[in-house]
file structure.pdb (PDB, C-alpha atoms)
ATOM      1  CA  MET W   1    -167.910  63.051  85.578
ATOM      2  CA  THR W   2    -168.476  63.742  89.259
ATOM      3  CA  LEU W   3    -165.544  64.398  91.498
ATOM      4  CA  PRO W   4    -165.170  62.598  94.794
ATOM      5  CA  PRO W   5    -164.614  64.703  97.906
ATOM      6  CA  PRO W   6    -160.968  65.104  98.896
ATOM      7  CA  GLY W   7    -159.694  62.016 100.640
ATOM      8  CA  PRO W   8    -157.070  59.304 100.520
ATOM      9  CA  GLY W   9    -155.777  58.528  97.070
ATOM     10  CA  PRO W  10    -152.728  57.705  94.977
ATOM     11  CA  PHE W  11    -151.388  61.255  94.481
ATOM     12  CA  THR W  12    -148.705  62.741  96.720
ATOM     13  CA  ILE W  13    -149.334  66.278  97.933
ATOM     14  CA  SER W  14    -145.979  67.763  98.935
ATOM     15  CA  LEU W  15    -144.682  71.137 100.024
ATOM     16  CA  ASP W  16    -141.161  70.103  99.033
ATOM     17  CA  THR W  17    -141.430  71.480  95.498
ATOM     18  CA  THR W  18    -139.709  74.320  93.692
ATOM     19  CA  ALA W  19    -143.059  75.855  92.780
ATOM     20  CA  PHE W  20    -144.165  76.042  96.427
ATOM     21  CA  PHE W  21    -140.827  77.519  97.517
ATOM     22  CA  LEU W  22    -141.060  80.125  94.745
ATOM     23  CA  LEU W  23    -144.584  81.059  95.806
ATOM     24  CA  VAL W  24    -143.429  81.520  99.405
ATOM     25  CA  ALA W  25    -140.339  83.446  98.242
ATOM     26  CA  VAL W  26    -142.459  85.835  96.179
ATOM     27  CA  LEU W  27    -144.727  86.478  99.158
ATOM     28  CA  LEU W  28    -141.735  87.077 101.434
ATOM     29  CA  LEU W  29    -140.128  89.394  98.883
ATOM     30  CA  LEU W  30    -143.304  91.449  98.559
ATOM     31  CA  LEU W  31    -143.567  91.710 102.346
ATOM     32  CA  LEU W  32    -139.873  92.612 102.616
ATOM     33  CA  MET W  33    -140.389  95.376 100.060
ATOM     34  CA  LEU W  34    -143.353  96.664 102.081
ATOM     35  CA  TRP W  35    -141.299  96.621 105.260
ATOM     36  CA  TYR W  36    -138.400  98.465 103.553
ATOM     37  CA  LEU W  37    -140.741 101.108 102.165
ATOM     38  CA  TRP W  38    -142.256 101.562 105.623
ATOM     39  CA  VAL W  39    -138.830 101.897 107.313
ATOM     40  CA  ALA W  40    -136.943 103.859 104.654
ATOM     41  CA  TYR W  41    -139.743 106.322 103.900
ATOM     42  CA  PRO W  42    -141.796 106.531 107.098
ATOM     43  CA  HIS W  43    -143.700 109.719 106.243
ATOM     44  CA  ARG W  44    -144.447 108.993 102.605
ATOM     45  CA  LYS W  45    -148.113 108.084 102.816
ATOM     46  CA  ARG W  46    -148.679 108.303  99.050
ATOM     47  CA  GLY W  47    -145.775 105.930  98.367
ATOM     48  CA  LEU W  48    -147.200 103.389 100.799
ATOM     49  CA  GLU W  49    -150.686 103.757  99.328
ATOM     50  CA  GLY W  50    -149.283 103.314  95.827
ATOM     51  CA  TYR W  51    -147.415 100.184  96.840
ATOM     52  CA  LEU W  52    -150.455  98.689  98.538
ATOM     53  CA  ASP W  53    -152.625  99.510  95.505
ATOM     54  CA  ALA W  54    -150.130  97.793  93.219
ATOM     55  CA  VAL W  55    -149.312  94.759  95.336
ATOM     56  CA  GLY W  56    -152.444  94.111  97.403
ATOM     57  CA  ILE W  57    -153.902  91.677  94.872
ATOM     58  CA  ASP W  58    -150.562  89.852  94.494
ATOM     59  CA  ILE W  59    -150.198  89.353  98.235
ATOM     60  CA  GLY W  60    -153.800  88.157  98.454
ATOM     61  CA  PHE W  61    -153.344  85.584  95.700
ATOM     62  CA  ALA W  62    -150.016  84.398  97.146
ATOM     63  CA  LEU W  63    -151.595  83.952 100.585
ATOM     64  CA  LEU W  64    -154.574  82.132  99.068
ATOM     65  CA  GLY W  65    -152.343  79.803  97.051
ATOM     66  CA  ILE W  66    -150.053  79.053  99.980
ATOM     67  CA  GLY W  67    -153.054  78.494 102.232
ATOM     68  CA  ILE W  68    -154.748  76.068  99.830
ATOM     69  CA  VAL W  69    -151.605  74.037  99.147
ATOM     70  CA  THR W  70    -150.589  73.945 102.817
ATOM     71  CA  GLY W  71    -154.115  72.961 103.825
ATOM     72  CA  LEU W  72    -154.117  70.132 101.279
ATOM     73  CA  PHE W  73    -150.709  68.966 102.497
ATOM     74  CA  PHE W  74    -151.831  68.717 106.121
ATOM     75  CA  TYR W  75    -155.386  67.507 105.443
ATOM     76  CA  ASP W  76    -154.784  65.192 102.522
ATOM     77  CA  PRO W  77    -151.067  64.306 101.975
ATOM     78  CA  SER W  78    -152.017  61.318  99.796
ATOM     79  CA  GLY W  79    -154.829  62.865  97.857
ATOM     80  CA  ASP W  80    -157.342  61.700  95.323
ATOM     81  CA  LEU W  81    -157.819  63.288  91.917
ATOM     82  CA  THR W  82    -159.776  66.249  93.320
ATOM     83  CA  SER W  83    -157.034  67.187  95.769
ATOM     84  CA  TYR W  84    -154.298  66.635  93.224
ATOM     85  CA  ALA W  85    -156.031  68.749  90.567
ATOM     86  CA  LEU W  86    -156.458  71.568  93.077
ATOM     87  CA  TYR W  87    -152.805  71.251  94.086
ATOM     88  CA  ARG W  88    -151.643  71.327  90.464
ATOM     89  CA  THR W  89    -153.941  74.243  89.618
ATOM     90  CA  ILE W  90    -152.182  76.376  92.221
ATOM     91  CA  LEU W  91    -148.589  75.186  91.829
ATOM     92  CA  SER W  92    -148.510  74.967  88.037
ATOM     93  CA  GLY W  93    -148.555  78.754  88.073
ATOM     94  CA  TYR W  94    -150.835  79.063  85.062
ATOM     95  CA  TRP W  95    -153.847  80.152  87.083
ATOM     96  CA  LEU W  96    -151.875  82.715  89.079
ATOM     97  CA  ALA W  97    -150.097  84.007  85.979
ATOM     98  CA  PHE W  98    -153.406  84.868  84.347
ATOM     99  CA  ALA W  99    -155.602  85.577  87.370
ATOM    100  CA  ILE W 100    -153.435  88.178  89.074
ATOM    101  CA  PRO W 101    -153.259  90.581  86.097
ATOM    102  CA  ILE W 102    -156.974  90.181  85.338
ATOM    103  CA  VAL W 103    -158.055  91.042  88.878
ATOM    104  CA  THR W 104    -155.399  93.757  89.190
ATOM    105  CA  VAL W 105    -156.685  95.492  86.059
ATOM    106  CA  GLY W 106    -160.288  95.175  87.197
ATOM    107  CA  SER W 107    -159.452  96.543  90.618
ATOM    108  CA  SER W 108    -157.356  99.391  89.231
ATOM    109  CA  VAL W 109    -159.985 100.485  86.698
ATOM    110  CA  GLN W 110    -162.679 100.483  89.362
ATOM    111  CA  ALA W 111    -160.495 102.325  91.900
ATOM    112  CA  ARG W 112    -159.246 104.950  89.428
ATOM    113  CA  SER W 113    -162.766 105.595  88.149
ATOM    114  CA  ARG W 114    -163.909 105.954  91.778
ATOM    115  CA  GLY W 115    -166.324 103.087  91.318
ATOM    116  CA  SER W 116    -168.089 104.405  88.228
ATOM    117  CA  ILE W 117    -166.609 101.611  86.070
ATOM    118  CA  ARG W 118    -167.392  98.429  87.959
ATOM    119  CA  TRP W 119    -164.771  95.966  86.773
ATOM    120  CA  LEU W 120    -163.692  94.332  90.023
ATOM    121  CA  LEU W 121    -166.553  91.828  90.355
ATOM    122  CA  PRO W 122    -166.502  90.820  86.654
ATOM    123  CA  SER W 123    -162.734  90.298  86.866
ATOM    124  CA  ILE W 124    -163.219  88.043  89.897
ATOM    125  CA  VAL W 125    -165.882  86.064  87.998
ATOM    126  CA  ILE W 126    -163.516  85.689  85.024
ATOM    127  CA  ASP W 127    -160.823  84.556  87.459
ATOM    128  CA  ALA W 128    -163.137  81.948  88.987
ATOM    129  CA  LEU W 129    -164.036  80.613  85.531
ATOM    130  CA  LEU W 130    -160.351  80.457  84.626
ATOM    131  CA  PHE W 131    -159.681  78.568  87.856
ATOM    132  CA  LEU W 132    -162.402  76.048  87.004
ATOM    133  CA  ALA W 133    -161.034  75.608  83.479
ATOM    134  CA  ILE W 134    -157.493  74.904  84.702
ATOM    135  CA  PHE W 135    -158.792  72.698  87.521
ATOM    136  CA  GLY W 136    -160.855  70.771  84.971
ATOM    137  CA  TYR W 137    -157.801  70.326  82.784
ATOM    138  CA  TYR W 138    -155.878  68.735  85.661
ATOM    139  CA  VAL W 139    -158.850  66.518  86.528
ATOM    140  CA  LEU W 140    -158.879  65.211  82.966
ATOM    141  CA  ASN W 141    -155.054  65.100  82.656
ATOM    142  CA  PRO W 142    -153.608  64.271  86.088
ATOM    143  CA  GLY W 143    -150.234  63.091  84.778
TER
END

call {"tool": "encode", "arguments": {"input": "structure.pdb", "output": "C-alpha coordinates"}}
result
Amino acid sequence: MTLPPPGPGPFTISLDTTAFFLLVAVLLLLLLMLWYLWVAYPHRKRGLEGYLDAVGIDIGFALLGIGIVTGLFFYDPSGDLTSYALYRTILSGYWLAFAIPIVTVGSSVQARSRGSIRWLLPSIVIDALLFLAIFGYYVLNPG
(Lines of atoms letter the chains of each structure in order from A and count residues from 1; the text may use other names and numbers.)
(Lines give C-alpha, C1' and ligand atoms only; values in the text may rest on other atoms or scores of the structure.)
Protein backbone atom coordinates (compact mmCIF):
# COMPACT_ATOMS: atom_id res chain seq x y z
CA MET A 1 0.00 0.00 0.00
CA THR A 2 1.54 3.29 -1.06
CA LEU A 3 0.53 6.46 0.67
CA PRO A 4 -0.45 9.53 -1.31
CA PRO A 5 1.31 12.79 -0.49
CA PRO A 6 -0.59 15.02 1.94
CA GLY A 7 -3.38 16.85 0.19
CA PRO A 8 -7.11 17.44 0.19
CA GLY A 9 -9.14 14.61 1.61
CA PRO A 10 -12.11 13.66 3.76
CA PHE A 11 -10.45 13.95 7.20
CA THR A 12 -10.69 17.09 9.31
CA ILE A 13 -7.45 18.28 10.88
CA SER A 14 -8.35 20.51 13.83
CA LEU A 15 -6.50 22.25 16.63
CA ASP A 16 -9.73 22.47 18.62
CA THR A 17 -9.18 19.19 20.45
CA THR A 18 -8.52 18.33 24.08
CA ALA A 19 -5.38 16.42 23.12
CA PHE A 20 -3.86 19.46 21.37
CA PHE A 21 -4.74 21.76 24.28
CA LEU A 22 -3.17 19.29 26.72
CA LEU A 23 0.00 19.13 24.64
CA VAL A 24 0.24 22.93 24.62
CA ALA A 25 -0.55 23.07 28.35
CA VAL A 26 2.22 20.60 29.16
CA LEU A 27 4.70 22.63 27.13
CA LEU A 28 3.61 25.85 28.85
CA LEU A 29 3.82 24.22 32.28
CA LEU A 30 7.34 22.97 31.61
CA LEU A 31 8.39 26.43 30.43
CA LEU A 32 6.71 28.04 33.45
CA MET A 33 8.62 25.70 35.74
CA LEU A 34 11.86 26.65 33.98
CA TRP A 35 11.07 30.33 34.35
CA TYR A 36 10.24 29.90 38.07
CA LEU A 37 13.46 27.99 38.69
CA TRP A 38 15.41 30.73 36.90
CA VAL A 39 13.74 33.53 38.91
CA ALA A 40 13.48 31.86 42.32
CA TYR A 41 16.98 30.37 42.32
CA PRO A 42 19.05 32.66 40.08
CA HIS A 43 22.48 31.44 41.19
CA ARG A 44 21.77 27.73 41.33
CA LYS A 45 23.52 26.57 38.18
CA ARG A 46 23.37 22.88 39.11
CA GLY A 47 19.61 23.07 39.69
CA LEU A 48 19.10 24.64 36.28
CA GLU A 49 21.37 22.07 34.62
CA GLY A 50 19.50 19.26 36.36
CA TYR A 51 16.15 20.61 35.21
CA LEU A 52 17.33 21.02 31.63
CA ASP A 53 18.80 17.49 31.66
CA ALA A 54 15.50 16.09 32.90
CA VAL A 55 13.11 18.12 30.76
CA GLY A 56 15.04 18.90 27.58
CA ILE A 57 13.73 15.84 25.75
CA ASP A 58 10.14 16.51 26.90
CA ILE A 59 10.21 20.09 25.65
CA GLY A 60 11.71 18.94 22.35
CA PHE A 61 9.01 16.32 21.79
CA ALA A 62 6.24 18.74 22.79
CA LEU A 63 7.56 21.37 20.36
CA LEU A 64 7.87 18.76 17.60
CA GLY A 65 4.34 17.48 18.17
CA ILE A 66 2.83 20.95 18.31
CA GLY A 67 4.77 21.96 15.21
CA ILE A 68 3.64 18.94 13.19
CA VAL A 69 -0.02 19.24 14.16
CA THR A 70 -0.09 23.01 13.65
CA GLY A 71 1.66 22.64 10.30
CA LEU A 72 -0.89 20.04 9.19
CA PHE A 73 -3.74 22.28 10.34
CA PHE A 74 -2.54 25.25 8.29
CA TYR A 75 -1.25 23.28 5.29
CA ASP A 76 -3.88 20.58 5.05
CA PRO A 77 -7.05 21.30 7.14
CA SER A 78 -9.03 18.69 5.17
CA GLY A 79 -6.41 16.02 4.91
CA ASP A 80 -6.10 12.69 3.22
CA LEU A 81 -5.23 9.46 5.01
CA THR A 82 -1.52 10.32 5.24
CA SER A 83 -2.17 13.64 6.96
CA TYR A 84 -4.81 12.18 9.22
CA ALA A 85 -2.60 9.26 10.29
CA LEU A 86 0.21 11.68 11.11
CA TYR A 87 -2.22 13.87 13.06
CA ARG A 88 -3.57 10.90 15.01
CA THR A 89 -0.07 9.54 15.67
CA ILE A 90 0.83 12.75 17.48
CA LEU A 91 -2.45 13.55 19.24
CA SER A 92 -3.35 10.02 20.32
CA GLY A 93 -0.52 10.34 22.81
CA TYR A 94 0.65 6.75 22.41
CA TRP A 95 3.77 7.67 20.48
CA LEU A 96 4.74 10.43 22.91
CA ALA A 97 3.98 8.26 25.93
CA PHE A 98 6.47 5.65 24.78
CA ALA A 99 8.97 7.76 22.84
CA ILE A 100 9.79 10.31 25.51
CA PRO A 101 10.91 7.78 28.16
CA ILE A 102 12.89 5.74 25.62
CA VAL A 103 14.87 8.74 24.37
CA THR A 104 15.21 10.17 27.89
CA VAL A 105 16.76 6.94 29.15
CA GLY A 106 19.07 6.72 26.15
CA SER A 107 20.16 10.31 26.57
CA SER A 108 20.65 9.97 30.32
CA VAL A 109 22.71 6.77 30.06
CA GLN A 110 24.94 8.32 27.42
CA ALA A 111 25.34 11.60 29.34
CA ARG A 112 26.02 9.93 32.71
CA SER A 113 28.55 7.56 31.16
CA ARG A 114 30.21 10.58 29.50
CA GLY A 115 29.58 9.08 26.09
CA SER A 116 31.14 5.68 26.74
CA ILE A 117 27.73 3.96 26.54
CA ARG A 118 26.23 5.20 23.30
CA TRP A 119 22.49 4.81 23.78
CA LEU A 120 21.17 8.10 22.41
CA LEU A 121 21.24 7.21 18.70
CA PRO A 122 19.79 3.69 19.21
CA SER A 123 17.00 5.17 21.34
CA ILE A 124 16.19 7.65 18.56
CA VAL A 125 16.12 4.79 16.03
CA ILE A 126 13.77 2.81 18.29
CA ASP A 127 11.62 5.93 18.60
CA ALA A 128 11.47 6.34 14.82
CA LEU A 129 10.45 2.70 14.39
CA LEU A 130 7.78 3.13 17.05
CA PHE A 131 6.53 6.23 15.24
CA LEU A 132 6.28 4.28 11.98
CA ALA A 133 4.43 1.44 13.70
CA ILE A 134 1.83 3.76 15.24
CA PHE A 135 1.56 5.76 12.01
CA GLY A 136 1.01 2.51 10.12
CA TYR A 137 -1.70 1.50 12.56
CA TYR A 138 -3.60 4.73 11.90
CA VAL A 139 -3.15 4.33 8.15
CA LEU A 140 -4.74 0.89 8.35
CA ASN A 141 -7.36 1.93 10.96
CA PRO A 142 -8.29 5.57 10.32
CA GLY A 143 -11.59 5.44 12.21

call {"tool": "closest_residue", "arguments": {"input": "structure.pdb", "among": "W:Leu91, W:Val139, W:Leu37, W:Ile117", "to": "Phe21 of chain W", "atoms": "only C-alpha atoms"}}
result
W:Leu91

call {"tool": "atom_distance", "arguments": {"input": "structure.pdb", "atom1": "atom CA of Asp76 of chain W", "atom2": "atom CA of Ile59 of chain W"}}
result
25.0 Å

call {"tool": "atom_distance", "arguments": {"input": "structure.pdb", "atom1": "atom CA of Pro101 of chain W", "atom2": "atom CA of Ser113 of chain W"}}
result
17.9 Å

call {"tool": "closest_residue", "arguments": {"input": "structure.pdb", "among": "W:Leu140, W:Leu27, W:Leu130, W:Leu15", "to": "Gly60 of chain W", "atoms": "only C-alpha atoms"}}
result
W:Leu27

call {"tool": "atom_distance", "arguments": {"input": "structure.pdb", "atom1": "atom CA of Ala85 of chain W", "atom2": "atom CA of Gly136 of chain W"}}
result
7.7 Å

call {"tool": "residues_around", "arguments": {"input": "structure.pdb", "residues": "Val105 of chain W", "least_positions_apart": "6", "cutoff": "9 Å", "atoms": "only C-alpha atoms", "output": "list in words"}}
result
Trp119, Leu120 and Ser123 of chain W

call {"tool": "closest_residue", "arguments": {"input": "structure.pdb", "among": "W:Tyr138, W:Leu28, W:Gly143, W:Thr12", "to": "Leu72 of chain W", "atoms": "all atoms listed in the file"}}
result
W:Thr12

call {"tool": "resolve_selection", "arguments": {"input": "structure.pdb", "expression": "the PyMOL selection byres ((chain W and resi 90) around 9)", "output": "ChimeraX atom specification"}}
result
/W:65-66,68-69,85-89,91-96,131,135

call {"tool": "closest_residue", "arguments": {"input": "structure.pdb", "among": "W:Tyr84, W:Gly9, W:Leu63, W:Phe73", "to": "Asn141 of chain W", "atoms": "all atoms listed in the file"}}
result
W:Tyr84
